[in-house]
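Engineer: First the structure, then my questions, so here it is.
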Amino acid sequence: MKRSWVRFPATAPNKSMSNKEEIKKQISDIEHDMAQVDFWNDKNLAQSKIKELQELKDSLEGFGKYDKGNAIMTIFAGVGGDDAEDFARMLLEMYIKFSDSKGWQAHRLSSHETDFGGYKTVTYEITGKNAYGILKHESGVHRLVRQSPFNSAGKRQTSFAMVEVTPEFEKETDFDLPVDDIEIDHTKSSGPGGQNVNKRETAVRITHIPTKLTAFIDSERSQHQNKEKALAILKGKVYNKRQEEQKLMEAGMSISKTVDAEWGSQIRSYVLHPYKLVKDHRTDVEVHDTDKVFSGDLDVFISAMKDKTNH
């Protein structure tokens, strides 16, 4: 029986995962071919080679196939109860301010807001040049230490939140996935407006059955729009997972379960009490002006990660 298909992204070219010396050799080989007098005899082949050359150069500079495009950011509250949900709000506001400083646009796609303004989970679309390439290393567990505003005794509280950044894909991609591998559910939208608003069944949740990855959207006006956006997000999640699995296999490492947003797994700590310090545990970059960081000044952390991954 003939099967139906949904368009999904291919894994990025293996050449982007190669070491720098191999990439440089491939660039040199193509440039040598371009110098030949008969290079343009086959225009289609020549254009293909030029495109490959640009992708190789982009890869060498740290920008792979999707890095130049938009990003989808989801923030999940982890261990810490009310404090963790408030921390998710703080991180969201920090990234929106960072996006503003880059001239990007931030658009809410879905959220599960608490009574006091925090978030159990929230998803935003960040549109702008190089948004994914710049934000992708923010993925991971973030840790907050402060005097809790939710504790009457003002005791110090440690809480966690998980940030997930995935690329945003266009409708048409170069990889097919059977429809049998996805499950689509429709629910009532939970947007602003209060209990008296007549909510329609426009929200969409799509699950990728083999990996159990999900995408939920309720921000658009129609069910069709929410479905398209949810599919685009799910593409990014599947892409990221496959990229991570490929990296682990190339390094000879086993693939572990998803990291929990809890103690010991954080990529960055934000300490507001008894002293003030933001420390990135991957690069050891430290900033004592925590207000500046929460105001969206993240360039020092992002530059350090870029330098680390490019060496």
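Chain labels follow the order of the structure tokens: the first chain is A, the next B, and so on; residue numbering restarts at 1 in every chain, and ligands are counted from 1 in their shown order.
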For Met305 in chain A, find every residue with an atom within 12 Å (counting only C-alpha atoms), except residues of its own chain fewer than 6 positions away, and show them as JSON, numbers by chain.

Structural biologist: {"A": [62, 133, 134, 135, 136, 137, 138, 139, 267, 268, 280, 281, 282, 283, 284, 285, 298, 299, 311]}

Engineer: Just write the chosen residues, N, CA and C atoms, as a short mmCIF file (atom, residue, chain, number, x, y, z; two decimals), in the first residue's frame.

Structural biologist:
data_model
loop_
_atom_site.label_atom_id
_atom_site.label_comp_id
_atom_site.auth_asym_id
_atom_site.auth_seq_id
_atom_site.Cartn_x
_atom_site.Cartn_y
_atom_site.Cartn_z
N GLY A 62 31.93 28.42 11.43
CA GLY A 62 31.05 28.12 12.54
C GLY A 62 29.57 28.26 12.22
N GLY A 133 22.13 30.29 14.76
CA GLY A 133 23.56 30.10 14.92
C GLY A 133 24.10 30.77 16.17
N ILE A 134 23.54 31.90 16.54
CA ILE A 134 24.00 32.64 17.72
C ILE A 134 23.41 32.08 19.00
N LEU A 135 22.14 31.66 18.95
CA LEU A 135 21.45 31.23 20.17
C LEU A 135 21.58 29.74 20.48
N LYS A 136 22.02 28.94 19.53
CA LYS A 136 21.96 27.49 19.72
C LYS A 136 22.74 26.98 20.93
N HIS A 137 23.82 27.66 21.29
CA HIS A 137 24.61 27.20 22.44
C HIS A 137 24.01 27.60 23.78
N GLU A 138 22.86 28.31 23.75
CA GLU A 138 22.15 28.61 24.99
C GLU A 138 21.32 27.42 25.45
N SER A 139 21.21 26.40 24.60
CA SER A 139 20.48 25.19 24.98
C SER A 139 21.15 24.51 26.16
N ILE A 267 24.55 24.44 32.58
CA ILE A 267 25.60 25.02 31.75
C ILE A 267 25.97 26.40 32.26
N ARG A 268 25.07 27.04 33.00
CA ARG A 268 25.33 28.39 33.50
C ARG A 268 24.60 28.60 34.83
N ASP A 280 29.44 30.86 33.37
CA ASP A 280 29.21 29.82 32.38
C ASP A 280 30.18 28.68 32.66
N HIS A 281 29.66 27.51 32.95
CA HIS A 281 30.50 26.39 33.38
C HIS A 281 31.22 25.71 32.22
N ARG A 282 30.87 26.04 30.98
CA ARG A 282 31.55 25.45 29.83
C ARG A 282 32.80 26.22 29.45
N THR A 283 32.78 27.54 29.67
CA THR A 283 33.90 28.40 29.26
C THR A 283 34.59 29.07 30.44
N ASP A 284 34.00 28.95 31.64
CA ASP A 284 34.50 29.61 32.87
C ASP A 284 34.42 31.13 32.80
N VAL A 285 33.65 31.68 31.86
CA VAL A 285 33.44 33.13 31.81
C VAL A 285 32.57 33.55 32.99
N LEU A 298 24.46 39.33 26.68
CA LEU A 298 24.96 37.96 26.69
C LEU A 298 26.13 37.74 25.75
N ASP A 299 26.60 38.79 25.11
CA ASP A 299 27.62 38.64 24.07
C ASP A 299 28.91 37.99 24.58
N HIS A 311 37.56 25.98 17.84
CA HIS A 311 38.95 25.53 18.01
C HIS A 311 39.01 24.04 18.24
#

Engineer: Give me, as a JSON list (two decimals) with C-alpha atoms, in the first residue's frame, all polymer residues having an atom no more than 8 Å from range 66-70 of chain A, counting only C-alpha atoms and skipping those fewer than 6 positions away in the same chain.

Structural biologist:
[["chain", "number", "residue", "atom", "x", "y", "z"],
["A", 125, "GLU", "CA", 9.96, 32.22, 17.58],
["A", 126, "ILE", "CA", 13.07, 34.40, 17.18],
["A", 127, "THR", "CA", 13.32, 35.77, 13.65],
["A", 128, "GLY", "CA", 16.44, 37.47, 12.36],
["A", 129, "LYS", "CA", 19.77, 36.91, 10.61],
["A", 130, "ASN", "CA", 21.90, 34.21, 12.28],
["A", 131, "ALA", "CA", 19.40, 33.84, 15.15],
["A", 132, "TYR", "CA", 19.81, 30.07, 15.42],
["A", 133, "GLY", "CA", 23.56, 30.10, 14.92],
["A", 134, "ILE", "CA", 24.00, 32.64, 17.72],
["A", 167, "PRO", "CA", 16.32, 25.86, 14.01],
["A", 168, "GLU", "CA", 13.19, 26.95, 12.18]]

Engineer: Find the distance between CA of Lys227 in chain A and CA of Ala77 in chain A and write it in Å to one decimal.

Structural biologist: 24.7 Å

Engineer: Per DSSP on the backbone, filter range 16-224 of chain A down to the residues in helix (DSSP H, G or I) and report them as a VMD selection string.

Structural biologist: chain A and resid 16 to 17 20 to 34 39 to 41 43 to 60 82 to 101 131 to 138 179 to 181 223 to 224

Engineer: Would you list the contacts of Asp289 in chain A as a ChimeraX atom specification, taking every protein, DNA or RNA residue within 12 Å and counting only C-alpha atoms, but skipping same-chain residues closer than 6 positions in sequence?

Structural biologist: /A:270-272,275-279,295-298

Engineer: Take CA of Ile182 in chain A and CA of Pro210 in chain A and report the distance between them in Å, one decimal.

Structural biologist: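 Those two atoms sit 8.4 Å apart.
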
Engineer: Find the nearest atom pair between each residue of range 50-125 of chain A and range 152-158 of chain A for residues within 9 Å, count only C-alpha atoms, give distances in Å to one decimal, sort rows by chain and ascending number, and present the table as CSV.

Structural biologist:
residue,atom,partner,partner_atom,distance
A:Val79,CA,A:Thr158,CA,8.4
A:Gly80,CA,A:Thr158,CA,6.6
A:Asp83,CA,A:Gln157,CA,7.6
A:Ala84,CA,A:Thr158,CA,8.3

Engineer: Env of Ile30 in chain A: 7 Å cut, atoms = only C-alpha atoms, seq-sep filter 3 positions within chain, self excluded. Answer as a PyMOL selection string.

Structural biologist: chain A and resi 26-27+33-34+49+53

Engineer: Counting only C-alpha atoms, which residue out of A:Leu91, A:Thr202, A:Asp42, A:Met73 sits closest to Val165 in chain A?

Structural biologist: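 Selected residue with least distance to Val165 in chain A: A:Met73.
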